[in-house]
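structure27.txt (compact mmCIF, C-alpha atoms) appears below.
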```
# COMPACT_ATOMS: atom_id res chain seq x y z
CA MET A 760 101.52 202.24 54.25
CA ALA A 761 103.27 199.63 56.40
CA SER A 762 104.47 199.37 59.96
CA VAL A 763 108.13 198.31 59.75
CA LEU A 764 110.62 197.07 62.34
CA VAL A 765 114.26 197.61 61.36
CA VAL A 766 116.71 195.35 63.22
CA GLU A 767 120.18 196.69 62.43
CA ASP A 768 123.15 197.45 64.71
CA ASP A 769 125.12 199.57 62.22
CA GLN A 770 124.00 203.09 63.08
CA PHE A 771 124.79 204.50 59.62
CA VAL A 772 122.81 201.79 57.79
CA ARG A 773 120.05 201.95 60.36
CA SER A 774 119.65 205.72 60.01
CA ALA A 775 119.58 205.46 56.22
CA LEU A 776 116.89 202.79 56.31
CA ILE A 777 114.78 204.76 58.78
CA ARG A 778 115.06 207.90 56.66
CA HIS A 779 114.14 206.11 53.42
CA LEU A 780 111.21 204.20 54.92
CA THR A 781 109.87 207.28 56.69
CA GLU A 782 110.07 209.31 53.48
CA ALA A 783 108.05 206.54 51.83
CA SER A 784 105.33 207.14 54.47
CA HIS A 785 105.96 203.95 56.43
CA THR A 786 105.80 203.86 60.23
CA VAL A 787 109.21 202.76 61.47
CA ARG A 788 110.57 201.46 64.76
CA SER A 789 114.19 200.34 65.02
CA VAL A 790 116.39 198.35 67.37
CA GLY A 791 120.00 197.21 67.34
CA THR A 792 119.85 193.79 69.00
CA ALA A 793 117.96 190.53 68.59
CA LEU A 794 116.53 190.59 72.11
CA GLU A 795 115.16 194.10 71.58
CA ALA A 796 113.60 192.88 68.32
CA LEU A 797 111.85 190.03 70.12
CA ARG A 798 110.48 192.44 72.72
CA GLU A 799 109.24 194.80 70.00
CA VAL A 800 107.45 192.03 68.12
CA ALA A 801 105.90 190.74 71.34
CA HIS A 802 104.43 194.16 72.19
CA HIS A 803 103.72 195.78 68.82
CA ARG A 804 102.13 194.75 65.55
CA PHE A 805 104.32 195.04 62.46
CA ASP A 806 103.64 194.41 58.78
CA VAL A 807 107.23 193.50 57.97
CA VAL A 808 110.58 193.07 59.74
CA ILE A 809 113.91 193.90 58.09
CA LEU A 810 116.44 191.73 59.93
CA ASP A 811 120.22 192.09 59.79
CA LEU A 812 122.16 188.87 60.45
CA GLY A 813 125.25 190.41 62.08
CA LEU A 814 123.74 191.41 65.41
CA PRO A 815 125.93 191.90 68.51
CA ASP A 816 124.00 189.71 70.96
CA LEU A 817 122.63 186.88 68.82
CA ASP A 818 123.17 185.73 65.26
CA GLY A 819 120.32 186.86 63.03
CA SER A 820 119.57 183.30 61.93
CA GLU A 821 118.87 182.34 65.55
CA ALA A 822 116.82 185.50 65.97
CA LEU A 823 114.78 184.47 62.92
CA LYS A 824 113.95 181.10 64.51
CA MET A 825 112.90 182.82 67.73
CA LEU A 826 110.76 185.32 65.81
CA ARG A 827 109.04 182.49 63.99
CA GLY A 828 108.18 180.98 67.36
CA ILE A 829 106.02 183.97 68.31
CA THR A 830 104.84 185.56 65.04
CA ASP A 831 104.27 184.96 61.34
CA VAL A 832 105.12 188.56 60.39
CA PRO A 833 106.97 188.66 57.03
CA VAL A 834 110.74 188.87 57.50
CA ILE A 835 113.22 190.21 54.94
CA ILE A 836 116.80 189.25 55.72
CA ALA A 837 119.44 191.93 55.07
CA THR A 838 122.88 190.35 54.94
CA ALA A 839 126.39 190.86 53.63
CA ARG A 840 126.71 187.07 53.37
CA ASP A 841 126.10 185.51 49.97
CA ASP A 842 126.64 181.85 50.82
CA GLU A 843 123.99 179.85 48.97
CA ALA A 844 123.70 177.15 51.62
CA GLU A 845 123.02 179.75 54.31
CA ILE A 846 120.43 181.51 52.14
CA VAL A 847 118.68 178.17 51.60
CA ARG A 848 118.68 177.54 55.36
CA LEU A 849 117.27 180.99 56.10
CA LEU A 850 114.44 180.57 53.60
CA ASN A 851 113.59 177.22 55.14
CA ASP A 852 113.76 178.66 58.64
CA GLY A 853 110.98 181.07 57.73
CA ALA A 854 112.51 184.07 55.98
CA ASP A 855 110.21 185.50 53.32
CA ASP A 856 112.95 187.13 51.26
CA TYR A 857 116.53 188.29 51.49
CA LEU A 858 118.73 191.14 50.24
CA THR A 859 122.49 191.03 49.93
CA LYS A 860 124.29 194.16 51.09
CA PRO A 861 124.93 196.65 49.67
CA PHE A 862 121.47 197.14 48.15
CA SER A 863 119.67 200.18 46.80
CA VAL A 864 116.64 201.72 48.46
CA GLU A 865 114.73 201.03 45.23
CA HIS A 866 115.56 197.33 45.51
CA LEU A 867 114.44 197.27 49.14
CA SER A 868 111.19 199.05 48.23
CA ALA A 869 110.42 196.53 45.49
CA ARG A 870 111.10 193.55 47.76
CA MET A 871 109.03 195.06 50.57
CA ALA A 872 106.12 195.72 48.22
CA ALA A 873 106.22 192.12 46.96
CA VAL A 874 106.33 190.66 50.49
CA LEU A 875 103.46 192.89 51.65
CA ARG A 876 101.35 191.94 48.60
CA ARG A 877 101.86 188.26 49.36
CA ALA A 878 100.96 188.71 53.03
CA ARG A 879 97.81 190.73 52.28
CA SER A 880 96.77 188.35 49.51
CA ALA A 881 97.15 185.38 51.83
CA ALA A 882 95.22 187.12 54.59
CA GLY A 883 92.33 188.04 52.30
CA ALA A 884 92.15 184.86 50.26
CA GLU A 885 89.55 182.21 51.04
CA PRO A 886 91.34 178.88 50.62
CA PRO A 887 89.54 176.05 48.82
CA SER A 888 87.97 173.49 51.13
CA ARG A 889 88.57 170.38 49.05
CA VAL A 890 91.59 168.16 49.60
CA LEU A 891 93.87 167.99 46.57
CA ARG A 892 95.05 164.45 45.76
CA VAL A 893 97.88 163.53 43.42
CA GLY A 894 98.98 159.91 43.74
CA GLY A 895 99.91 159.34 47.38
CA LEU A 896 99.88 163.08 48.08
CA ALA A 897 96.96 164.68 49.93
CA ILE A 898 97.03 168.48 50.32
CA ASP A 899 94.45 170.20 52.49
CA PRO A 900 94.60 173.97 51.73
CA LEU A 901 92.15 174.85 54.51
CA ARG A 902 94.16 173.13 57.24
CA ARG A 903 97.43 173.87 55.42
CA GLN A 904 98.50 170.29 55.85
CA ALA A 905 100.08 167.91 53.36
CA GLU A 906 100.50 164.15 53.63
CA LEU A 907 102.49 161.65 51.60
CA ASP A 908 101.24 158.07 51.82
CA GLY A 909 99.47 158.94 55.08
CA ALA A 910 102.50 160.60 56.73
CA VAL A 911 102.30 164.32 57.49
CA LEU A 912 104.95 166.38 55.67
CA ASP A 913 106.84 169.01 57.64
CA LEU A 914 106.71 171.88 55.14
CA THR A 915 107.58 175.54 55.45
CA ARG A 916 104.92 178.07 54.49
CA ARG A 917 106.38 178.67 51.04
CA GLU A 918 106.98 174.96 50.38
CA PHE A 919 103.32 174.30 51.15
CA ASP A 920 102.16 177.15 48.90
CA LEU A 921 104.29 175.84 46.03
CA LEU A 922 103.13 172.26 46.45
CA ALA A 923 99.46 173.26 46.73
CA PHE A 924 99.66 175.48 43.65
CA LEU A 925 101.17 172.68 41.55
CA ALA A 926 98.77 170.09 43.00
CA GLY A 927 95.86 172.23 41.81
CA ARG A 928 97.19 171.74 38.26
CA PRO A 929 98.32 168.08 38.15
CA GLY A 930 100.15 167.14 34.99
CA VAL A 931 100.28 170.76 33.78
CA VAL A 932 103.68 172.33 33.12
CA VAL A 933 103.71 175.64 35.02
CA ALA A 934 106.17 178.28 33.82
CA ARG A 935 108.61 179.72 36.34
CA ARG A 936 107.26 183.19 35.61
CA GLU A 937 103.80 182.00 36.66
CA LEU A 938 105.19 180.46 39.86
CA LEU A 939 106.86 183.75 40.74
CA ALA A 940 103.64 185.65 40.06
CA GLU A 941 101.21 183.29 41.80
CA VAL A 942 103.21 181.75 44.66
CA TRP A 943 105.67 184.57 45.39
CA GLN A 944 103.48 187.43 44.13
CA GLN A 945 106.46 188.82 42.21
CA SER A 946 106.47 190.02 38.63
CA TYR A 947 110.21 189.46 38.37
CA GLY A 948 112.99 187.61 40.15
CA ASP A 949 115.75 185.06 39.68
CA ASP A 950 115.33 181.31 39.41
CA GLN A 951 117.36 180.61 42.55
CA THR A 952 114.40 181.19 44.85
CA ILE A 953 112.29 178.63 42.97
CA ASP A 954 115.16 176.15 42.69
CA VAL A 955 115.85 176.36 46.43
CA HIS A 956 112.26 175.55 47.34
CA LEU A 957 111.95 172.81 44.72
CA SER A 958 115.13 171.20 46.02
CA TRP A 959 113.92 171.12 49.61
CA LEU A 960 110.43 170.04 48.59
CA ARG A 961 111.90 167.14 46.59
CA ARG A 962 113.91 166.06 49.60
CA LYS A 963 110.77 165.94 51.73
CA LEU A 964 108.96 163.98 49.02
CA GLY A 965 111.79 161.43 48.99
CA GLU A 966 113.07 162.21 45.52
CA THR A 967 115.79 164.11 43.67
CA ALA A 968 115.99 166.12 40.46
CA ALA A 969 117.87 163.22 38.88
CA ARG A 970 115.28 160.70 40.07
CA PRO A 971 111.95 162.55 40.20
CA ARG A 972 108.73 160.91 41.33
CA TYR A 973 106.23 163.76 41.67
CA LEU A 974 108.10 166.93 40.71
CA HIS A 975 109.36 167.13 37.15
CA THR A 976 111.38 170.04 35.74
CA LEU A 977 111.34 170.69 32.02
CA ARG A 978 114.45 172.74 31.34
CA GLY A 979 113.61 176.12 29.88
CA VAL A 980 109.86 175.48 30.19
CA GLY A 981 108.70 174.99 33.77
CA VAL A 982 107.68 172.53 36.47
CA LYS A 983 104.86 170.01 36.78
CA LEU A 984 103.51 167.77 39.54
CA GLU A 985 102.10 164.39 38.59
CA PRO A 986 101.69 161.00 40.28
CA PRO A 987 104.50 158.43 39.90
CA LEU A 988 104.14 155.94 37.07
```

Starting from the file, give its structure as structure tokens.
Amino acid sequence: MASVLVVEDDQFVRSALIRHLTEASHTVRSVGTALEALREVAHHRFDVVILDLGLPDLDGSEALKMLRGITDVPVIIATARDDEAEIVRLLNDGADDYLTKPFSVEHLSARMAAVLRRARSAAGAEPPSRVLRVGGLAIDPLRRQAELDGAVLDLTRREFDLLAFLAGRPGVVVARRELLAEVWQQSYGDDQTIDVHLSWLRRKLGETAARPRYLHTLRGVGVKLEPPL
């Protein structure tokens, strides 16, 4: 089972999460502030962090950025906010997943299992050594670095994984279900997660959905990466 850090200032929610996770045989530590969370992560090893955004000392989005500065532990955001722009920003700031309150313990368990599978798969996988080239794109899976026309791209972890997966299949239309399974290690999910990452990846590639160069979406079918004509 997993070692979990719960960062939640609402005592009722916090107690419920601790009880559920403990009953599921996870090892749980909990704190109610962002600064306490940073101290915990600095001194203990966790498999996943469940991070509330409405913390009393520091907004959870700022806490996420600070966490990412010291650890790559998977972070699931728990929030009552459902603003799409903020969710996009959180994913690009390093969140691995998010849940909108109120959520069921079954939903949390499924999301946790998916995040842990991805983390363990990434840790155990031996990345290919060859550089993938598609037009002016060069993706080095071993160094986890991508370049466009010789300029290094500033990609989040998930953006890089998505780009590398598509670059390994140039010109092939990849179904969204396959992207969820292979890149996100999820057997189910909504399309918003994929759309968010495609949108930000397009921006970094200097293109848009209306004027694609590398990334092409076939409505109702999937996505493909191919060099510009």

Dump as JSON lines the rows for residues of segment 828-881 of chain A within 9 Å of segment 765-786 of chain A: closest atom pair and distance in Å with one decimal, all atoms listed in the file counted, ordered by chain and rising residue number.
```
{"residue": "A:Ala837", "atom": "CA", "partner": "A:Glu767", "partner_atom": "CA", "distance": 8.8}
{"residue": "A:Val864", "atom": "CA", "partner": "A:His779", "partner_atom": "CA", "distance": 7.1}
{"residue": "A:Ser868", "atom": "CA", "partner": "A:Leu780", "partner_atom": "CA", "distance": 8.4}
```

Let me know the centre plus edge lengths, in Å and rounded to one decimal, of a box with edges along x, y and z that contains all listed atoms of segment 965-984 of chain A and is padded by 6 Å on every side, as lines of an AutoDock Vina configuration file.
```
center_x = 110.7
center_y = 168.4
center_z = 39.4
size_x = 26.4
size_y = 27.4
size_z = 31.1
```

- Task: Quick one: everything within 8 Å of segment 915-927 of chain A, counting only C-alpha atoms, minus sequence neighbours fewer than 3 positions away in the same chain. Send it as a VMD selection string.
- Result: chain A and resid 851 to 853 891 to 893 898 900 903 to 905 933 938 942 956 to 957 959 to 960 983 to 985

- Item | Nearest to Ala796 of chain A by atom-to-atom distance, counting all atoms listed in the file, from A:Glu845, A:Glu865, A:Asp811, A:Asp855 |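 Ranked by minimum distance to Ala796 of chain A, first place goes to A:Asp811.
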
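The interatomic distance for the pair atom CA of Gln951 of chain A and atom CA of Leu912 of chain A works out to 23.0 Å.
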
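Among A:Thr830, A:Ser958, A:Thr859, A:Ser820, the residue with the shortest atom-to-atom distance to His802 of chain A, counting all atoms listed in the file, is A:Thr830.
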
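In this model, the gap between atom CA of Ala793 of chain A and atom CA of Phe862 of chain A comes to 21.8 Å.
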
- Around the point (126.9, 192.0, 56.2) in the file's coordinates, collect all residues with an atom within 9 Å, using all atoms listed in the file, and return them as a list in words.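 Here the neighbourhood of the point contains Asp811, Leu812, Gly813, Ala837, Thr838, Ala839, Arg840, Thr859, Lys860 and Pro861 of chain A.
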
- Separation of atom CA of Leu914 of chain A from atom CA of Ala761 of chain A, in Å and rounded to one decimal: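 Distance between the two atoms: 28.0 Å.
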
- Message: Please return as a list in words every residue within 8 Å of (112.1, 182.0, 48.6), taking into account only C-alpha atoms and the file's own coordinates.
- Response: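 Those residues lying close to the given coordinates are Leu850, Ala854, Asp855, Asp856, Arg917, Trp943, Thr952, Ile953, Val955 and His956 of chain A.
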
- With distances taken over all atoms listed in the file, the candidate from A:Met871, A:Leu797, A:Val787, A:Leu849 nearest Met825 of chain A is A:Leu797

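Using only C-alpha atoms, the smallest distance between any of A:Val763, A:Leu826, A:Ala910, A:Leu988 and Pro971 of chain A comes from A:Leu988.
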
- Message: I'd like to know which of A:Pro833, A:Ser789, A:Asp841, A:Leu823 is closest to Asp806 of chain A, using all atoms listed in the file.
- Response: A:Pro833

- Task: Please identify all polymer residues within 12 Å of Thr976 of chain A, counting only C-alpha atoms, omitting same-chain residues fewer than 2 positions from it, and present them as a list in words.
- Result: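 In the requested form, the answer reads Gly930, Val931, Val932, Val933, Ala934, Arg935, Ile953, Asp954, Leu957, Ser958, Arg961, Thr967, Ala968, Ala969, Arg970, Pro971, Arg972, Tyr973, Leu974, Arg978, Gly979, Val980, Gly981, Val982, Lys983, Leu984 and Glu985 of chain A.
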
- Distance criterion (only C-alpha atoms): nearest to Ala869 of chain A out of A:Asp831, A:Val808, A:Leu901, A:Gln945: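 Between A:Asp831, A:Val808, A:Leu901, A:Gln945, the residue approaching Ala869 of chain A most closely is A:Gln945.
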